[in-house]
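Coordinates from target_24.cif are shown below (mmCIF, C-alpha atoms).
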data_structure
loop_
_atom_site.label_atom_id
_atom_site.label_comp_id
_atom_site.auth_asym_id
_atom_site.auth_seq_id
_atom_site.Cartn_x
_atom_site.Cartn_y
_atom_site.Cartn_z
CA MET J 1 20.63 -15.30 -13.09
CA THR J 2 20.65 -13.49 -9.74
CA THR J 3 18.79 -15.09 -6.87
CA LEU J 4 18.08 -13.95 -3.33
CA SER J 5 17.20 -16.68 -0.83
CA LEU J 6 15.60 -15.66 2.41
CA CYS J 7 13.43 -16.78 5.28
CA ALA J 8 9.78 -15.85 5.09
CA ASP J 9 9.80 -12.82 7.37
CA LEU J 10 7.98 -9.53 6.81
CA GLY J 11 10.98 -7.75 8.29
CA ASP J 12 13.01 -8.82 5.24
CA LEU J 13 10.77 -7.09 2.70
CA ALA J 14 13.07 -4.07 2.71
CA ILE J 15 15.99 -6.39 1.84
CA VAL J 16 13.98 -7.76 -1.09
CA ARG J 17 13.27 -4.24 -2.36
CA GLU J 18 16.94 -3.28 -2.05
CA PHE J 19 17.91 -6.44 -3.94
CA VAL J 20 15.53 -5.56 -6.79
CA ALA J 21 16.76 -1.97 -6.85
CA ARG J 22 20.39 -3.07 -7.05
CA ILE J 23 19.77 -5.37 -9.99
CA GLY J 24 17.56 -2.81 -11.69
CA THR J 25 20.33 -0.24 -11.36
CA ASP J 26 22.88 -2.72 -12.72
CA LEU J 27 20.56 -3.28 -15.71
CA ASP J 28 20.32 0.49 -16.20
CA LEU J 29 16.54 0.51 -15.80
CA ASP J 30 14.51 3.69 -15.28
CA ALA J 31 13.67 4.54 -11.66
CA ASP J 32 9.94 4.19 -12.45
CA VAL J 33 10.50 0.67 -13.80
CA ILE J 34 12.55 -0.25 -10.73
CA TYR J 35 9.74 1.03 -8.48
CA ASP J 36 7.18 -1.10 -10.33
CA LEU J 37 9.43 -4.17 -9.97
CA GLN J 38 9.90 -3.47 -6.27
CA LEU J 39 6.15 -3.10 -5.79
CA ALA J 40 5.33 -6.34 -7.61
CA VAL J 41 8.00 -8.37 -5.81
CA ASP J 42 7.16 -6.87 -2.41
CA GLU J 43 3.47 -7.69 -2.89
CA ALA J 44 4.28 -11.22 -4.02
CA CYS J 45 6.58 -11.89 -1.07
CA ALA J 46 4.17 -10.36 1.45
CA ASN J 47 1.40 -12.61 0.11
CA VAL J 48 3.60 -15.69 0.46
CA ILE J 49 4.69 -14.77 3.99
CA ASN J 50 1.21 -13.80 5.22
CA HIS J 51 -1.02 -16.22 3.35
CA GLY J 52 1.27 -18.99 2.09
CA TYR J 53 3.26 -19.64 5.23
CA GLY J 54 0.73 -17.97 7.50
CA GLY J 55 3.43 -16.30 9.56
CA GLN J 56 5.31 -19.57 10.07
CA ALA J 57 8.95 -20.12 9.07
CA GLY J 58 9.51 -20.94 5.41
CA ARG J 59 11.81 -20.48 2.46
CA LEU J 60 11.47 -17.93 -0.28
CA GLU J 61 13.53 -17.25 -3.41
CA VAL J 62 13.49 -14.21 -5.64
CA THR J 63 15.23 -14.31 -9.00
CA VAL J 64 15.59 -11.33 -11.32
CA ASP J 65 16.80 -11.77 -14.89
CA PRO J 66 17.00 -9.67 -18.00
CA VAL J 67 15.04 -11.34 -20.80
CA LYS J 68 14.56 -10.45 -24.44
CA GLU J 69 11.42 -8.39 -23.86
CA GLY J 70 12.51 -6.78 -20.61
CA VAL J 71 12.91 -8.06 -17.07
CA GLN J 72 11.65 -11.29 -15.56
CA VAL J 73 11.10 -11.84 -11.86
CA VAL J 74 10.47 -15.28 -10.41
CA VAL J 75 9.26 -15.71 -6.83
CA ARG J 76 9.36 -19.28 -5.54
CA ASP J 77 8.04 -20.67 -2.28
CA TRP J 78 7.31 -24.05 -0.79
CA ALA J 79 4.12 -23.24 1.06
CA GLY J 80 0.92 -24.99 0.02
CA ALA J 81 -0.39 -24.68 -3.52
CA PHE J 82 -1.64 -21.19 -4.32
CA ASP J 83 -4.64 -20.72 -6.58
CA PRO J 84 -4.96 -17.06 -7.67
CA ARG J 85 -8.60 -17.72 -8.65
CA THR J 86 -9.43 -17.83 -4.94
CA VAL J 87 -8.33 -14.20 -4.50
CA PRO J 88 -11.23 -11.76 -4.89
CA THR J 89 -10.74 -8.97 -7.39
CA PRO J 90 -10.99 -5.65 -5.55
CA ASP J 91 -13.56 -3.13 -6.72
CA VAL J 92 -11.36 -0.08 -7.25
CA GLU J 93 -14.41 1.98 -8.22
CA ALA J 94 -16.24 1.48 -4.91
CA PRO J 95 -16.26 4.17 -2.19
CA LEU J 96 -13.77 3.48 0.59
CA GLU J 97 -16.39 2.56 3.14
CA GLU J 98 -17.79 -0.15 0.87
CA ARG J 99 -14.46 -1.75 0.03
CA ARG J 100 -13.42 -5.11 1.37
CA LEU J 101 -9.84 -5.40 2.54
CA GLY J 102 -7.67 -7.81 0.57
CA GLY J 103 -6.89 -8.57 -3.05
CA LEU J 104 -5.13 -5.25 -3.64
CA GLY J 105 -1.66 -6.85 -3.72
CA LEU J 106 -2.45 -9.17 -6.61
CA PHE J 107 -4.32 -6.34 -8.33
CA LEU J 108 -1.24 -4.10 -8.13
CA MET J 109 1.09 -6.87 -9.34
CA ARG J 110 -1.07 -7.33 -12.41
CA LYS J 111 -1.31 -3.58 -12.89
CA VAL J 112 2.43 -2.82 -12.90
CA MET J 113 3.68 -5.99 -14.63
CA ASP J 114 2.86 -7.06 -18.19
CA ASP J 115 2.67 -10.82 -17.60
CA VAL J 116 1.85 -12.56 -14.31
CA SER J 117 1.53 -16.34 -14.14
CA PHE J 118 1.40 -18.90 -11.36
CA ALA J 119 2.41 -22.56 -11.41
CA PHE J 120 2.49 -25.24 -8.72
CA ASP J 121 4.68 -28.32 -8.63
CA ALA J 122 4.81 -30.75 -5.70
CA GLU J 123 8.62 -30.65 -5.71
CA LYS J 124 9.37 -27.19 -7.04
CA GLY J 125 6.65 -25.49 -5.01
CA ASN J 126 4.79 -22.36 -6.13
CA THR J 127 6.40 -20.44 -8.95
CA LEU J 128 5.22 -16.92 -9.69
CA ARG J 129 6.65 -15.57 -12.92
CA MET J 130 6.27 -11.89 -13.76
CA VAL J 131 7.60 -10.06 -16.79
CA LYS J 132 7.82 -6.33 -17.32
CA ARG J 133 8.41 -5.23 -20.86
CA VAL J 134 11.14 -2.64 -21.01
CA ARG J 135 12.55 -0.70 -23.90
CA ARG J 136 16.29 -0.69 -23.53
CA ARG J 137 18.05 2.64 -23.42
CA GLU J 138 19.98 3.47 -26.58
CA MET P 1 9.07 3.74 9.57
CA ASP P 2 8.65 6.51 12.11
CA ILE P 3 5.65 8.67 12.83
CA THR P 4 5.63 12.12 14.37
CA VAL P 5 2.55 14.11 15.27
CA SER P 6 1.87 17.83 15.10
CA HIS P 7 -1.22 19.93 15.45
CA ALA P 8 -2.60 22.73 13.32
CA GLN P 9 -5.65 24.93 13.58
CA GLY P 10 -7.98 25.31 10.63
CA HIS P 11 -11.72 25.83 11.04
CA VAL P 12 -11.31 22.90 13.42
CA PRO P 13 -8.26 21.42 15.18
CA VAL P 14 -6.32 19.23 12.76
CA THR P 15 -3.86 16.51 13.77
CA VAL P 16 -1.06 16.01 11.29
CA LEU P 17 0.54 12.58 11.18
CA HIS P 18 3.97 12.86 9.58
CA VAL P 19 5.00 9.46 8.27
CA HIS P 20 8.69 8.86 7.63
CA GLY P 21 9.92 5.86 5.67
CA ASP P 22 8.44 2.96 3.73
CA VAL P 23 4.94 1.74 4.56
CA ASP P 24 4.81 -1.97 3.81
CA ALA P 25 3.41 -5.19 5.26
CA SER P 26 5.87 -5.03 8.14
CA SER P 27 4.94 -1.50 9.23
CA TYR P 28 1.38 -0.67 8.24
CA GLN P 29 -0.10 -1.90 11.51
CA ASP P 30 2.10 0.57 13.39
CA LEU P 31 0.55 3.34 11.32
CA ILE P 32 -2.98 2.19 12.15
CA ALA P 33 -2.07 1.84 15.82
CA ARG P 34 -0.67 5.40 15.94
CA ALA P 35 -3.80 6.74 14.27
CA GLN P 36 -5.90 4.87 16.83
CA GLU P 37 -3.89 6.46 19.63
CA VAL P 38 -4.41 10.01 18.42
CA CYS P 39 -8.10 9.34 17.75
CA ALA P 40 -8.47 7.93 21.25
CA ALA P 41 -6.88 11.18 22.48
CA GLY P 42 -9.59 13.19 20.78
CA THR P 43 -8.57 13.71 17.16
CA ARG P 44 -11.53 14.10 14.82
CA ASP P 45 -9.78 15.53 11.77
CA MET P 46 -6.51 14.16 10.46
CA LEU P 47 -4.09 15.11 7.73
CA MET P 48 -1.54 12.44 6.87
CA ASP P 49 1.75 13.84 5.63
CA LEU P 50 3.22 11.40 3.09
CA SER P 51 6.01 13.66 1.83
CA ASP P 52 8.67 11.47 3.44
CA VAL P 53 7.21 8.15 2.31
CA PRO P 54 9.25 6.90 -0.65
CA TYR P 55 7.40 3.60 -0.88
CA MET P 56 3.90 2.36 -0.10
CA SER P 57 2.58 -1.12 -0.85
CA SER P 58 -1.00 -2.38 -0.75
CA SER P 59 -0.56 -2.80 3.01
CA GLY P 60 -0.14 0.97 3.24
CA LEU P 61 -3.35 1.38 1.26
CA VAL P 62 -5.09 -0.88 3.74
CA ALA P 63 -3.78 1.40 6.50
CA LEU P 64 -5.21 4.48 4.76
CA GLN P 65 -8.55 2.74 4.33
CA SER P 66 -8.55 1.70 7.98
CA VAL P 67 -7.68 5.19 9.22
CA ALA P 68 -10.43 6.67 7.04
CA ALA P 69 -12.86 4.17 8.59
CA LEU P 70 -11.56 4.99 12.05
CA LEU P 71 -12.30 8.67 11.58
CA ARG P 72 -15.73 7.99 10.16
CA GLY P 73 -16.48 5.59 12.99
CA ASP P 74 -15.38 8.07 15.67
CA GLU P 75 -17.76 10.62 14.34
CA MET P 76 -20.63 8.18 14.02
CA SER P 77 -20.14 6.98 17.56
CA ASP P 78 -19.95 10.51 18.90
CA LEU P 79 -23.58 10.78 19.86
CA GLU P 80 -23.02 14.14 21.55
CA SER P 81 -22.55 15.64 18.12
CA GLY P 82 -26.17 14.80 17.46
CA TRP P 83 -27.94 14.84 14.12
CA GLY P 84 -25.45 17.21 12.57
CA ALA P 85 -22.72 14.62 12.76
CA LEU P 86 -24.95 11.89 11.44
CA HIS P 87 -26.03 14.00 8.48
CA ALA P 88 -22.39 14.88 7.82
CA VAL P 89 -21.58 11.19 7.54
CA GLU P 90 -24.47 10.74 5.13
CA ARG P 91 -23.10 13.57 3.02
CA ASP P 92 -19.68 11.87 3.00
CA ARG P 93 -21.26 8.70 1.75
CA ASP P 94 -23.20 10.46 -0.96
CA ALA P 95 -20.16 12.33 -2.17
CA GLY P 96 -17.70 9.53 -1.44
CA LEU P 97 -15.16 12.08 -0.20
CA GLN P 98 -13.69 11.60 3.25
CA SER P 99 -14.08 14.96 4.99
CA HIS P 100 -12.16 14.12 8.18
CA PHE P 101 -9.14 12.36 6.70
CA LYS P 102 -6.99 13.87 3.97
CA LEU P 103 -3.52 13.35 2.52
CA PHE P 104 -0.65 15.76 2.13
CA ASN P 105 2.06 15.71 -0.50
CA PRO P 106 2.56 12.07 -1.50
CA GLN P 107 5.65 11.48 -3.63
CA PRO P 108 4.87 10.95 -7.34
CA ARG P 109 5.18 7.16 -7.31
CA VAL P 110 3.03 6.79 -4.21
CA ASP P 111 0.57 9.25 -5.72
CA HIS P 112 0.42 7.09 -8.84
CA VAL P 113 -0.47 4.00 -6.79
CA LEU P 114 -3.22 6.00 -5.02
CA GLU P 115 -4.54 6.92 -8.44
CA VAL P 116 -4.37 3.36 -9.80
CA VAL P 117 -6.47 1.94 -6.96
CA GLY P 118 -9.01 4.76 -7.14
CA PHE P 119 -8.28 6.21 -3.70
CA LYS P 120 -7.90 9.75 -5.02
CA ARG P 121 -11.60 9.90 -5.83
CA PHE P 122 -12.32 9.53 -2.12
CA LEU P 123 -9.28 10.99 -0.37
CA GLU P 124 -8.43 14.61 -1.00
CA VAL P 125 -4.75 15.16 -1.69
CA TYR P 126 -3.11 18.52 -1.01
CA THR P 127 0.34 19.84 -1.80
CA ASP P 128 0.03 23.07 0.19
CA LEU P 129 -0.03 22.62 3.95
CA GLU P 130 -1.95 25.79 4.80
CA GLU P 131 -4.56 25.00 2.17
CA ALA P 132 -4.82 21.45 3.46
CA VAL P 133 -5.38 22.53 7.06
CA ALA P 134 -7.84 25.23 6.02
CA SER P 135 -9.88 22.66 4.08
CA PHE P 136 -11.10 20.92 7.24
#

Turn the structure described in the file into structure tokens.
Amino acid sequence: MTTLSLCADLGDLAIVREFVARIGTDLDLDADVIYDLQLAVDEACANVINHGYGGQAGRLEVTVDPVKEGVQVVVRDWAGAFDPRTVPTPDVEAPLEERRLGGLGLFLMRKVMDDVSFAFDAEKGNTLRMVKRVRRRE
Amino acid sequence: MDITVSHAQGHVPVTVLHVHGDVDASSYQDLIARAQEVCAAGTRDMLMDLSDVPYMSSSGLVALQSVAALLRGDEMSDLESGWGALHAVERDRDAGLQSHFKLFNPQPRVDHVLEVVGFKRFLEVYTDLEEAVASF
């Protein structure tokens, strides 16, 4: 298990992406898979920092693990409970001028990862678990 | 992320915003602010060069959407352009394509994200600079 602990700061998103890239490289993942993992984790962390903590100080943990079906990423925070049902689904068919801002981050996470699930526990905080199925190189 | 600006002449003057580095939640507002600056200085047609952007998150997409709106809004508020400008905006809406804001040479992974969110149906993407400038 490899975990990165950090303060909730948008300026640290690049550190998060580098962390994911390093582990992905260690796991011998394709560059496209690493990019998808970076995108999903970046979106998750940005959501927590912007919407969970609302720009205030807070704690954030990112854990990346190889699992049987591929790679699992867990993002944990201790902001208030997050309910993904409150996030509007963006209309990606609509012309640009008719689109509402927001919701694209969660949309992209679900698009590039195979499983995305949220859980809230009063002590453990919000836990976002994402799995990307990966065929191991021979 | 850094942004440099150059100018090219097609059928109309075209401002080229060259974006260098990742566009994420920490930097996308800088991109919008720079676009606002050049629009305030008179830009009406903009090509955004994404060839040196290795990574773009949904925040970057929000920036593109905002810049597209900025350029549409500038034209709509330019009453001196008269009915021609207003009809041009109507044509944009009918076609969905943004005629005053286009993209140049996004890297394959950024291009894929643009595709996934449906932006490429509304933002023209060019890989040849001369062709891109001439398209305005």

List the residues matched by the PyMOL selection byres ((chain P and resi 33-37) around 10) in the displayed structure as an NGL selection string, ordered by chain and then by residue number. :P and (3-5 or 15 or 17 or 28-32 or 38-43 or 46 or 48 or 63-64 or 66-68 or 70-71)

How far is it from CA of Gly118 (chain P) to CA of Lys111 (chain J), in Å with one decimal?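 Distance between the two atoms: 12.7 Å.
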
Evaluated on this file, the PyMOL selection byres ((chain P) within 10 of (chain J)) picks out some residues - which ones are they, written as a compact mmCIF listing (two decimals) with C-alpha atoms, in the coordinates of the input?
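Listed below is the output, selection.txt:
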# COMPACT_ATOMS: atom_id res chain seq x y z
CA ASP P 22 8.44 2.96 3.73
CA ASP P 24 4.81 -1.97 3.81
CA ALA P 25 3.41 -5.19 5.26
CA SER P 26 5.87 -5.03 8.14
CA SER P 27 4.94 -1.50 9.23
CA PRO P 54 9.25 6.90 -0.65
CA TYR P 55 7.40 3.60 -0.88
CA MET P 56 3.90 2.36 -0.10
CA SER P 57 2.58 -1.12 -0.85
CA SER P 58 -1.00 -2.38 -0.75
CA SER P 59 -0.56 -2.80 3.01
CA LEU P 61 -3.35 1.38 1.26
CA VAL P 62 -5.09 -0.88 3.74
CA ALA P 63 -3.78 1.40 6.50
CA LEU P 64 -5.21 4.48 4.76
CA GLN P 65 -8.55 2.74 4.33
CA SER P 66 -8.55 1.70 7.98
CA ALA P 68 -10.43 6.67 7.04
CA ALA P 69 -12.86 4.17 8.59
CA ARG P 72 -15.73 7.99 10.16
CA ASP P 92 -19.68 11.87 3.00
CA ARG P 93 -21.26 8.70 1.75
CA ASP P 94 -23.20 10.46 -0.96
CA ALA P 95 -20.16 12.33 -2.17
CA GLY P 96 -17.70 9.53 -1.44
CA LEU P 97 -15.16 12.08 -0.20
CA GLN P 98 -13.69 11.60 3.25
CA PRO P 108 4.87 10.95 -7.34
CA ARG P 109 5.18 7.16 -7.31
CA VAL P 110 3.03 6.79 -4.21
CA VAL P 113 -0.47 4.00 -6.79
CA GLU P 115 -4.54 6.92 -8.44
CA VAL P 116 -4.37 3.36 -9.80
CA VAL P 117 -6.47 1.94 -6.96
CA GLY P 118 -9.01 4.76 -7.14
CA PHE P 119 -8.28 6.21 -3.70
CA ARG P 121 -11.60 9.90 -5.83
CA PHE P 122 -12.32 9.53 -2.12
CA LEU P 123 -9.28 10.99 -0.37

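Residues surrounding Glu123 (chain J) within 12 Å are Arg76, Asp77, Trp78, Ala79, Gly80 and Ala81 of chain J [all atoms listed in the file; sequence separation below 5 positions excluded].
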
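Coordinates place CA of Val71 (chain J) at a distance of 29.6 Å from CA of Ser51 (chain P).
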
Using CA of Pro66 (chain J) and CA of Thr127 (chain J) as the two end points, give the distance in Å to one decimal. 17.6 Å

How would you write, as a PyMOL selection string, the residues chosen by the PyMOL selection byres ((chain J and resi 63) around 10) on this structure? chain J and resi 1-5+19-20+41+61-62+64-65+72-76+129
